[in-house]
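This report refers to the structure that appears directly beneath it.
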Amino acid sequence: MDKGSSSIGAGAYTEAIKWLEQASTCKGANMAQITKLGFLAACKAKNPDKARKFWKRLKSSEQT
């Protein structure tokens, strides 16, 4: 998740998506945080397919 966050900070949104997808497979990962960052990165990268994928993973209470 750290590489994903760093990539977002550097404006490398497509790279961030890759790192965050990889982080989401880790046991014990903070899925809520990864999903929110993934959604942000996908939106910034103008990648609607990935944005929808991350959006669907969010709980309805987090979709605001």
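Chain labels run A, B, ... following the order of the structure tokens; each chain numbers its residues from 1, and ligands are numbered from 1 in the order shown.
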Next on the checklist: Could you list, as a PyMOL selection string, every residue within 10 Å of stretch 26-28 of chain A, counting only C-alpha atoms and ignoring same-chain residues fewer than 4 positions away?
Outcome noted: chain A and resi 1+21-22
Item to check | Spatial neighbours of A:Ser7, max dist 10 Å, only C-alpha atoms, sep filter under 3 positions, as a PyMOL selection string | outcome: chain A and resi 1-4+10-20+41
Next on the checklist: Going by DSSP on the backbone, which residues of chain A come out as alpha helix (DSSP H)? List them as a PyMOL selection string.
Outcome noted: chain A and resi 2-9+13-23+31-44+48-57
File of the preceding selection, C-alpha atoms, as a PDB file, in the first residue's frame:
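Listed below is the output, result-v7.pdb:
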```
ATOM      1  CA  ASP A   2       2.941   2.343   0.651  1.00  0.00           C
ATOM      2  CA  LYS A   3       4.055   2.175  -2.979  1.00  0.00           C
ATOM      3  CA  GLY A   4       0.503   2.900  -4.089  1.00  0.00           C
ATOM      4  CA  SER A   5       0.266   5.940  -1.826  1.00  0.00           C
ATOM      5  CA  SER A   6       3.661   7.175  -2.976  1.00  0.00           C
ATOM      6  CA  SER A   7       2.675   6.757  -6.602  1.00  0.00           C
ATOM      7  CA  ILE A   8      -0.495   8.781  -6.029  1.00  0.00           C
ATOM      8  CA  GLY A   9       1.579  11.498  -4.373  1.00  0.00           C
ATOM      9  CA  TYR A  13      -1.977   7.103 -10.960  1.00  0.00           C
ATOM     10  CA  THR A  14      -1.776   4.139 -13.339  1.00  0.00           C
ATOM     11  CA  GLU A  15       1.215   2.810 -11.423  1.00  0.00           C
ATOM     12  CA  ALA A  16      -0.655   3.366  -8.151  1.00  0.00           C
ATOM     13  CA  ILE A  17      -3.545   1.229  -9.385  1.00  0.00           C
ATOM     14  CA  LYS A  18      -1.131  -1.622 -10.078  1.00  0.00           C
ATOM     15  CA  TRP A  19       0.416  -1.418  -6.591  1.00  0.00           C
ATOM     16  CA  LEU A  20      -2.942  -1.105  -4.847  1.00  0.00           C
ATOM     17  CA  GLU A  21      -4.388  -4.087  -6.695  1.00  0.00           C
ATOM     18  CA  GLN A  22      -1.358  -6.072  -5.603  1.00  0.00           C
ATOM     19  CA  ALA A  23      -1.697  -4.849  -2.000  1.00  0.00           C
ATOM     20  CA  MET A  31      -8.935  -3.146   2.518  1.00  0.00           C
ATOM     21  CA  ALA A  32     -11.008  -0.028   3.178  1.00  0.00           C
ATOM     22  CA  GLN A  33      -7.967   2.222   2.766  1.00  0.00           C
ATOM     23  CA  ILE A  34      -6.658   0.331  -0.271  1.00  0.00           C
ATOM     24  CA  THR A  35     -10.059   0.474  -1.937  1.00  0.00           C
ATOM     25  CA  LYS A  36     -10.477   4.201  -1.342  1.00  0.00           C
ATOM     26  CA  LEU A  37      -6.993   4.943  -2.662  1.00  0.00           C
ATOM     27  CA  GLY A  38      -7.587   2.654  -5.630  1.00  0.00           C
ATOM     28  CA  PHE A  39     -10.808   4.454  -6.471  1.00  0.00           C
ATOM     29  CA  LEU A  40      -9.050   7.823  -6.230  1.00  0.00           C
ATOM     30  CA  ALA A  41      -6.171   6.667  -8.425  1.00  0.00           C
ATOM     31  CA  ALA A  42      -8.518   5.167 -11.018  1.00  0.00           C
ATOM     32  CA  CYS A  43     -10.549   8.369 -11.212  1.00  0.00           C
ATOM     33  CA  LYS A  44      -7.423  10.501 -11.539  1.00  0.00           C
ATOM     34  CA  PRO A  48     -13.604   4.092 -15.478  1.00  0.00           C
ATOM     35  CA  ASP A  49     -13.343   0.286 -15.515  1.00  0.00           C
ATOM     36  CA  LYS A  50     -10.899   0.236 -12.600  1.00  0.00           C
ATOM     37  CA  ALA A  51     -12.865   2.973 -10.808  1.00  0.00           C
ATOM     38  CA  ARG A  52     -16.032   0.843 -10.999  1.00  0.00           C
ATOM     39  CA  LYS A  53     -14.105  -2.173  -9.740  1.00  0.00           C
ATOM     40  CA  PHE A  54     -12.883  -0.302  -6.659  1.00  0.00           C
ATOM     41  CA  TRP A  55     -16.275   1.422  -6.146  1.00  0.00           C
ATOM     42  CA  LYS A  56     -18.057  -1.930  -6.001  1.00  0.00           C
ATOM     43  CA  ARG A  57     -15.679  -3.054  -3.232  1.00  0.00           C
TER      44      ARG A  57
END
```
